[in-house]
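Engineer: My structure is in final-v3.txt, and what it holds is compact mmCIF, C-alpha atoms:
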# COMPACT_ATOMS: atom_id res chain seq x y z
CA MET A 1 -61.77 7.33 -31.64
CA SER A 2 -62.46 10.82 -33.03
CA PHE A 3 -59.81 13.03 -34.63
CA LYS A 4 -60.63 16.69 -33.96
CA THR A 5 -59.51 19.23 -36.53
CA ASP A 6 -60.07 22.92 -37.26
CA LEU A 7 -58.51 23.95 -40.55
CA HIS A 8 -59.70 27.57 -40.67
CA ILE A 9 -58.28 29.84 -37.95
CA HIS A 10 -57.12 33.49 -37.98
CA SER A 11 -54.57 35.00 -35.61
CA TRP A 12 -53.62 38.59 -34.88
CA TYR A 13 -51.18 38.41 -37.78
CA SER A 14 -54.23 39.05 -39.98
CA ASP A 15 -57.64 40.04 -38.59
CA GLY A 16 -57.90 37.76 -35.56
CA THR A 17 -57.49 38.95 -31.97
CA MET A 18 -55.26 36.22 -30.48
CA SER A 19 -51.59 35.35 -30.91
CA PRO A 20 -50.67 31.98 -32.48
CA GLU A 21 -49.44 30.81 -29.08
CA GLU A 22 -52.77 31.73 -27.46
CA ILE A 23 -54.63 29.93 -30.24
CA VAL A 24 -52.58 26.77 -29.73
CA GLU A 25 -53.27 26.91 -25.99
CA LYS A 26 -57.02 27.25 -26.63
CA TYR A 27 -57.10 24.28 -29.01
CA VAL A 28 -55.01 22.15 -26.66
CA GLN A 29 -57.50 22.90 -23.88
CA ASP A 30 -60.33 21.93 -26.26
CA LYS A 31 -58.53 18.65 -27.00
CA TYR A 32 -57.94 19.12 -30.73
CA ASP A 33 -55.54 16.88 -32.65
CA MET A 34 -54.72 19.12 -35.62
CA ILE A 35 -55.25 22.74 -36.61
CA ALA A 36 -54.26 25.04 -39.47
CA LEU A 37 -53.48 28.73 -39.11
CA THR A 38 -55.06 30.30 -42.20
CA ASP A 39 -54.46 34.02 -41.88
CA HIS A 40 -55.59 36.26 -44.73
CA GLU A 41 -52.74 36.43 -47.23
CA VAL A 42 -50.14 36.33 -44.43
CA ILE A 43 -47.91 33.46 -43.28
CA ALA A 44 -46.04 35.32 -40.52
CA GLY A 45 -47.67 33.44 -37.63
CA ILE A 46 -47.30 29.89 -38.88
CA LYS A 47 -43.85 29.06 -37.51
CA GLU A 48 -44.82 30.54 -34.15
CA ALA A 49 -47.92 28.32 -34.08
CA GLU A 50 -45.92 25.26 -35.18
CA GLU A 51 -43.36 25.74 -32.40
CA ALA A 52 -46.07 26.24 -29.78
CA GLY A 53 -47.85 23.15 -31.12
CA LYS A 54 -44.76 20.98 -30.78
CA GLU A 55 -44.44 21.91 -27.12
CA LYS A 56 -48.11 21.06 -26.50
CA ASN A 57 -48.36 17.97 -28.74
CA LEU A 58 -50.79 19.68 -31.13
CA ARG A 59 -50.15 19.26 -34.85
CA VAL A 60 -50.17 22.60 -36.70
CA ILE A 61 -50.09 22.65 -40.51
CA PRO A 62 -49.30 25.64 -42.76
CA GLY A 63 -52.38 27.41 -44.08
CA ILE A 64 -53.55 30.59 -45.76
CA GLU A 65 -56.79 32.18 -47.00
CA ILE A 66 -56.86 34.31 -50.14
CA ALA A 67 -59.85 36.28 -51.48
CA THR A 68 -60.10 35.79 -55.24
CA LEU A 69 -62.42 36.42 -58.18
CA TYR A 70 -63.71 33.83 -60.63
CA LYS A 71 -65.77 35.24 -63.52
CA GLY A 72 -66.86 38.11 -61.28
CA ILE A 73 -67.72 35.89 -58.30
CA GLU A 74 -65.74 36.29 -55.07
CA LEU A 75 -64.30 33.01 -53.85
CA HIS A 76 -62.08 32.46 -50.83
CA ILE A 77 -59.38 29.87 -51.45
CA LEU A 78 -57.68 28.10 -48.56
CA GLY A 79 -54.22 26.65 -49.07
CA TYR A 80 -52.57 23.93 -46.96
CA TYR A 81 -49.17 22.18 -46.75
CA PHE A 82 -47.48 24.60 -49.18
CA ASN A 83 -43.78 25.43 -49.12
CA MET A 84 -43.55 28.66 -47.10
CA GLU A 85 -40.34 29.63 -48.91
CA ASP A 86 -41.82 29.31 -52.41
CA GLU A 87 -40.71 32.47 -54.25
CA PRO A 88 -43.78 32.93 -56.52
CA MET A 89 -46.03 32.54 -53.45
CA LEU A 90 -44.04 35.11 -51.44
CA LYS A 91 -44.06 37.53 -54.40
CA MET A 92 -47.85 37.23 -54.70
CA LEU A 93 -48.31 37.82 -50.95
CA ASP A 94 -46.19 40.98 -51.19
CA GLU A 95 -48.34 42.23 -54.07
CA LEU A 96 -51.54 41.50 -52.15
CA ALA A 97 -50.19 43.34 -49.09
CA GLU A 98 -49.50 46.42 -51.24
CA GLU A 99 -53.02 46.25 -52.71
CA ARG A 100 -54.46 46.06 -49.19
CA LYS A 101 -52.51 49.14 -48.08
CA LEU A 102 -53.90 51.17 -50.97
CA ARG A 103 -57.42 49.87 -50.26
CA ASN A 104 -57.10 50.89 -46.61
CA ILE A 105 -56.18 54.45 -47.58
CA ARG A 106 -59.29 54.65 -49.76
CA LEU A 107 -61.53 52.99 -47.17
CA LEU A 108 -60.37 55.30 -44.39
CA LYS A 109 -61.34 58.30 -46.52
CA VAL A 110 -64.77 56.75 -47.20
CA LEU A 111 -65.44 56.37 -43.47
CA ASN A 112 -64.08 59.86 -42.74
CA ASP A 113 -66.50 61.25 -45.35
CA MET A 114 -69.32 59.42 -43.52
CA GLY A 115 -68.44 61.31 -40.35
CA CYS A 116 -66.32 58.66 -38.63
CA ASP A 117 -63.29 60.45 -37.20
CA LEU A 118 -60.74 57.67 -37.62
CA ALA A 119 -56.99 57.81 -38.17
CA PHE A 120 -54.65 54.95 -39.10
CA SER A 121 -53.45 54.81 -35.49
CA ASP A 122 -57.01 53.88 -34.45
CA LEU A 123 -56.84 50.77 -36.64
CA LEU A 124 -53.85 49.29 -34.84
CA GLN A 125 -54.80 46.95 -32.03
CA ARG A 126 -51.35 45.72 -31.01
CA PRO A 127 -47.69 46.79 -31.22
CA ASP A 128 -45.89 46.02 -34.51
CA GLN A 129 -49.17 45.28 -36.29
CA LYS A 130 -48.60 45.21 -40.05
CA TYR A 131 -51.88 43.79 -41.38
CA ILE A 132 -55.02 45.97 -41.38
CA GLY A 133 -58.23 44.31 -42.54
CA LYS A 134 -61.87 45.32 -42.48
CA PRO A 135 -62.48 43.87 -39.00
CA ASN A 136 -59.79 46.26 -37.73
CA PHE A 137 -61.84 49.15 -39.11
CA ALA A 138 -64.97 47.72 -37.47
CA ARG A 139 -63.27 47.30 -34.07
CA ALA A 140 -61.99 50.89 -34.24
CA MET A 141 -65.54 52.10 -34.97
CA VAL A 142 -66.83 50.20 -31.94
CA LYS A 143 -64.10 51.64 -29.73
CA LYS A 144 -64.95 55.18 -30.84
CA GLY A 145 -68.67 54.63 -30.32
CA TYR A 146 -69.86 54.92 -33.92
CA ILE A 147 -71.38 51.43 -33.79
CA SER A 148 -72.22 49.05 -30.95
CA SER A 149 -70.78 45.83 -32.39
CA VAL A 150 -68.39 44.69 -35.12
CA LYS A 151 -71.20 43.15 -37.15
CA ASP A 152 -72.93 46.57 -37.37
CA ALA A 153 -70.11 47.71 -39.67
CA PHE A 154 -71.04 44.96 -42.13
CA GLU A 155 -74.79 45.63 -42.34
CA PRO A 156 -75.94 45.64 -46.00
CA GLY A 157 -75.60 49.10 -47.49
CA LYS A 158 -73.89 50.58 -44.43
CA TYR A 159 -70.33 51.56 -43.58
CA LEU A 160 -68.04 48.78 -44.87
CA GLU A 161 -70.83 47.40 -47.07
CA SER A 162 -71.83 50.77 -48.54
CA GLU A 163 -71.52 51.50 -52.25
CA ALA A 164 -68.68 53.94 -51.56
CA ALA A 165 -66.78 51.29 -49.57
CA LYS A 166 -67.29 48.74 -52.33
CA LYS A 167 -65.84 51.19 -54.87
CA ALA A 168 -62.77 51.50 -52.64
CA GLU A 169 -62.24 47.72 -52.71
CA ARG A 170 -58.92 46.28 -53.78
CA VAL A 171 -58.22 44.29 -56.92
CA LYS A 172 -58.47 40.57 -56.17
CA PRO A 173 -56.43 37.91 -57.99
CA ASP A 174 -57.96 35.31 -60.27
CA SER A 175 -59.14 32.15 -58.47
CA VAL A 176 -57.47 29.78 -60.94
CA GLN A 177 -54.21 31.70 -60.66
CA ILE A 178 -54.24 31.26 -56.86
CA ILE A 179 -55.18 27.57 -57.06
CA GLU A 180 -52.24 27.01 -59.43
CA LEU A 181 -49.94 29.07 -57.17
CA ILE A 182 -50.80 26.92 -54.13
CA ASN A 183 -50.47 23.67 -56.08
CA ASN A 184 -47.15 24.71 -57.60
CA ALA A 185 -45.88 25.45 -54.08
CA GLY A 186 -46.62 21.83 -53.18
CA GLY A 187 -49.88 22.69 -51.42
CA MET A 188 -53.54 21.78 -51.53
CA ALA A 189 -56.18 24.32 -52.61
CA VAL A 190 -59.61 24.20 -50.93
CA LEU A 191 -62.75 26.27 -51.56
CA ALA A 192 -63.77 27.97 -48.29
CA HIS A 193 -67.28 28.33 -46.85
CA PRO A 194 -69.27 27.59 -50.03
CA ALA A 195 -72.60 28.64 -48.46
CA LYS A 196 -71.29 32.23 -48.31
CA ILE A 197 -70.69 32.48 -52.06
CA LYS A 198 -72.73 35.28 -53.64
CA GLY A 199 -73.70 35.59 -57.26
CA ILE A 200 -74.75 32.00 -57.98
CA GLY A 201 -78.28 32.20 -56.61
CA LYS A 202 -79.97 32.48 -53.22
CA ARG A 203 -78.42 30.20 -50.60
CA GLY A 204 -80.24 26.90 -50.23
CA THR A 205 -82.14 27.10 -53.51
CA PRO A 206 -81.81 24.65 -56.41
CA GLU A 207 -80.31 27.53 -58.45
CA PHE A 208 -77.58 27.99 -55.81
CA MET A 209 -76.73 24.29 -55.68
CA LYS A 210 -76.55 24.11 -59.48
CA GLY A 211 -74.34 27.20 -59.53
CA LEU A 212 -72.05 25.62 -56.93
CA ASP A 213 -71.96 22.37 -58.90
CA ASP A 214 -70.91 24.25 -62.04
CA LEU A 215 -68.23 26.11 -60.06
CA LEU A 216 -66.80 22.95 -58.54
CA ARG A 217 -66.71 21.18 -61.89
CA GLU A 218 -64.73 24.04 -63.43
CA LEU A 219 -62.43 24.57 -60.44
CA LYS A 220 -61.70 20.85 -60.16
CA LYS A 221 -60.44 20.92 -63.75
CA ASN A 222 -58.16 23.77 -62.69
CA GLY A 223 -56.64 21.98 -59.72
CA LEU A 224 -59.02 22.48 -56.78
CA LYS A 225 -58.37 19.71 -54.24
CA GLY A 226 -60.93 20.22 -51.46
CA LEU A 227 -64.19 21.75 -50.20
CA GLU A 228 -64.90 23.16 -46.73
CA CYS A 229 -68.01 21.09 -46.03
CA ILE A 230 -68.27 21.57 -42.26
CA TYR A 231 -68.51 25.17 -41.05
CA PRO A 232 -70.47 27.14 -38.39
CA GLY A 233 -74.00 28.04 -39.39
CA TYR A 234 -74.45 25.28 -41.95
CA SER A 235 -77.66 23.30 -41.63
CA ASP A 236 -77.48 19.50 -41.59
CA GLU A 237 -78.95 19.53 -45.09
CA GLU A 238 -76.26 21.91 -46.34
CA ARG A 239 -73.45 19.90 -44.78
CA LEU A 240 -74.69 16.70 -46.41
CA SER A 241 -75.16 18.45 -49.76
CA PHE A 242 -71.61 19.80 -49.68
CA ILE A 243 -70.22 16.41 -48.68
CA ASP A 244 -72.10 14.83 -51.60
CA LYS A 245 -70.62 17.38 -53.99
CA ALA A 246 -67.13 16.83 -52.62
CA ALA A 247 -67.57 13.10 -53.19
CA LYS A 248 -68.92 13.72 -56.69
CA TYR A 249 -65.82 15.67 -57.70
CA HIS A 250 -63.34 13.64 -55.62
CA LEU A 251 -62.51 16.60 -53.38
CA HIS A 252 -61.11 16.40 -49.85
CA ILE A 253 -63.71 17.23 -47.18
CA THR A 254 -62.46 19.80 -44.67
CA GLU A 255 -63.81 21.31 -41.48
CA GLY A 256 -63.15 24.85 -40.27
CA SER A 257 -64.56 27.27 -37.73
CA ASP A 258 -63.23 30.55 -39.25
CA PHE A 259 -62.16 31.40 -35.69
CA HIS A 260 -61.07 35.03 -35.21
CA GLY A 261 -60.77 35.13 -31.41
CA GLU A 262 -62.78 34.80 -28.25
Would you mind giving the structure from this file in structure tokens?

Structural biologist:
Amino acid sequence: MSFKTDLHIHSWYSDGTMSPEEIVEKYVQDKYDMIALTDHEVIAGIKEAEEAGKEKNLRVIPGIEIATLYKGIELHILGYYFNMEDEPMLKMLDELAEERKLRNIRLLKVLNDMGCDLAFSDLLQRPDQKYIGKPNFARAMVKKGYISSVKDAFEPGKYLESEAAKKAERVKPDSVQIIELINNAGGMAVLAHPAKIKGIGKRGTPEFMKGLDDLLRELKKNGLKGLECIYPGYSDEERLSFIDKAAKYHLHITEGSDFHGE
């Protein structure tokens, strides 16, 4: 009997479009057994999802996703099962939220300078929204007619991927620091979507796989506990390669969709 899981989901508490309750309802309808809400650097929706899950007999575990840097390479670290009242964790999340606010001020100016007439009010897609991420900028650009789809905002060299936008980027924490933070909060740190990692070679090449192997060896020594081996867009060959590497370094194998909404 299969056990269906999705351990990589974003709600409207970060850059998703659905409430935790709506997400739970969707995954109940799709007959899942366990999910994790992994909003970007925000834990506000977890209790809401847990309560909705209890009513629907769907197990919901605490999760989070944090963008980090390791020797100049951007890595996204997922955390699971951590204590949501851990003071060092909460302090770090507050610091990251402040960094994001400053980044958003800079990024809004970049887009204004490009001719996109956007104000902060355009970035808010629901009442009481506190988190503003890049997808919120992209959705506002679609709504105002500057682009036809969200993905257009992330085209190489354009808008949110322009050199000016990259210079406006926020300071990201060190990967090892975040792994230790999650572990010290009683959690489990997992490397997200390895095929998306840039700076270790072209995806699918022997150079890339060696670069990933080197990364995993070093991160394992620093407390990494898992690898997201099953993810949308992976080829069968990639999935098997990632599973082999997880086995090699005794890492948990996780599956996630990176769901942001219908």

Engineer: Can you tell me which residues surround Glu65 (chain A) at a distance of at most 12 Å, considering all atoms listed in the file, apart from same-chain residues fewer than 2 positions away, and format the answer as a compact mmCIF listing (two decimals) with C-alpha atoms, in the coordinates of the input?

Structural biologist:
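Result went into part-v7.txt, see below:
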# COMPACT_ATOMS: atom_id res chain seq x y z
CA LEU A 7 -58.51 23.95 -40.55
CA HIS A 8 -59.70 27.57 -40.67
CA ILE A 9 -58.28 29.84 -37.95
CA HIS A 10 -57.12 33.49 -37.98
CA SER A 11 -54.57 35.00 -35.61
CA SER A 14 -54.23 39.05 -39.98
CA ASP A 15 -57.64 40.04 -38.59
CA ALA A 36 -54.26 25.04 -39.47
CA LEU A 37 -53.48 28.73 -39.11
CA THR A 38 -55.06 30.30 -42.20
CA ASP A 39 -54.46 34.02 -41.88
CA HIS A 40 -55.59 36.26 -44.73
CA GLU A 41 -52.74 36.43 -47.23
CA VAL A 42 -50.14 36.33 -44.43
CA ILE A 43 -47.91 33.46 -43.28
CA PRO A 62 -49.30 25.64 -42.76
CA GLY A 63 -52.38 27.41 -44.08
CA ALA A 67 -59.85 36.28 -51.48
CA THR A 68 -60.10 35.79 -55.24
CA LEU A 75 -64.30 33.01 -53.85
CA HIS A 76 -62.08 32.46 -50.83
CA ILE A 77 -59.38 29.87 -51.45
CA LEU A 78 -57.68 28.10 -48.56
CA GLY A 79 -54.22 26.65 -49.07
CA TYR A 80 -52.57 23.93 -46.96
CA LEU A 93 -48.31 37.82 -50.95
CA LEU A 96 -51.54 41.50 -52.15
CA SER A 175 -59.14 32.15 -58.47
CA ILE A 178 -54.24 31.26 -56.86
CA ILE A 179 -55.18 27.57 -57.06
CA ILE A 182 -50.80 26.92 -54.13
CA MET A 188 -53.54 21.78 -51.53
CA ALA A 189 -56.18 24.32 -52.61
CA VAL A 190 -59.61 24.20 -50.93
CA LEU A 191 -62.75 26.27 -51.56
CA ALA A 192 -63.77 27.97 -48.29
CA HIS A 193 -67.28 28.33 -46.85
CA GLY A 256 -63.15 24.85 -40.27
CA ASP A 258 -63.23 30.55 -39.25

Engineer: Name the residues, using the chain letters and numbers of the file, that sit within 9 Å of (-63.8, 41.9, -41.6) when counting all atoms listed in the file, and give them as a list in words.

Structural biologist: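 Those residues lying close to the given coordinates are Asp15, Gly133, Lys134, Pro135, Asn136, Phe137, Ala138, Val150, Lys151, Ala153, Phe154 and Leu160 of chain A.
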
Engineer: Draw an axis-aligned box tight on the listed atoms of region 81-84 of chain A, then pad every side by 5 Å and write out centre and edge lengths in Å to one decimal as lines of an AutoDock Vina configuration file.

Structural biologist:
center_x = -46.4
center_y = 25.4
center_z = -48.0
size_x = 15.6
size_y = 16.5
size_z = 12.4

Engineer: Contacts of region 109-124 of chain A at 8 Å or less, counting all atoms listed in the file, minus same-chain residues fewer than 3 places along, as a list in words?

Structural biologist: Ile105, Arg106, Pro127, Gln129, Ile132, Asn136, Phe137, Arg139, Ala140, Met141, Tyr146, Tyr159, Ala164, Ala165 and Ala168 of chain A

Engineer: Quick one: residues within 9 Å of Glu255 (chain A), only C-alpha atoms, excluding same-chain residues fewer than 3 positions away - as a ChimeraX atom specification?

Structural biologist: /A:5-8,227-231

Engineer: Using all atoms listed in the file, which residue out of A:Glu74, A:Lys225, A:Leu102, A:Phe3 lies closest to Arg59 (chain A)?

Structural biologist: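 Closest to Arg59 (chain A), using all atoms listed in the file: A:Phe3.
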
Engineer: A:Glu161, A:Asn183, A:Lys167, A:Glu21: which is nearest Phe82 (chain A), counting all atoms listed in the file?

Structural biologist: A:Asn183

Engineer: What does the distance between CA of Glu98 (chain A) and CA of Ala44 (chain A) come to in Å, to one decimal place?

Structural biologist: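 Between these atoms lies a distance of 15.8 Å.
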
Engineer: Closest to Gly201 (chain A) among A:Ile73, A:Asn222, A:Ala52, A:Glu25, using all atoms listed in the file?

Structural biologist: A:Ile73

Engineer: Have a look at CA of Arg217 (chain A) and CA of Val176 (chain A) and let me know their distance in Å, one decimal.

Structural biologist: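 Answer for the CA of Arg217 (chain A) to CA of Val176 (chain A) separation: 12.7 Å.
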
Engineer: When distances are computed from only C-alpha atoms, which of A:Tyr81, A:Gly45, A:Val24, A:Glu95 shows the smallest separation from Asn57 (chain A)?

Structural biologist: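 So, comparing all the options, the nearest one is A:Val24.
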
Engineer: Using CA of Asp244 (chain A) and CA of Thr205 (chain A) as the two end points, give the distance in Å to one decimal.

Structural biologist: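 We find that CA of Asp244 (chain A) and CA of Thr205 (chain A) lie 16.0 Å from each other.
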
Engineer: Using all atoms listed in the file, which residue out of A:Ala97, A:Met18, A:Leu107, A:Ala247 lies closest to Gln125 (chain A)?

Structural biologist: A:Met18

Engineer: Please determine, counting only C-alpha atoms, which residue among A:Lys47, A:Glu262, A:Leu215, A:Asp33 has the shortest atom-to-atom distance to Glu85 (chain A).

Structural biologist: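 Nearest to Glu85 (chain A): A:Lys47.
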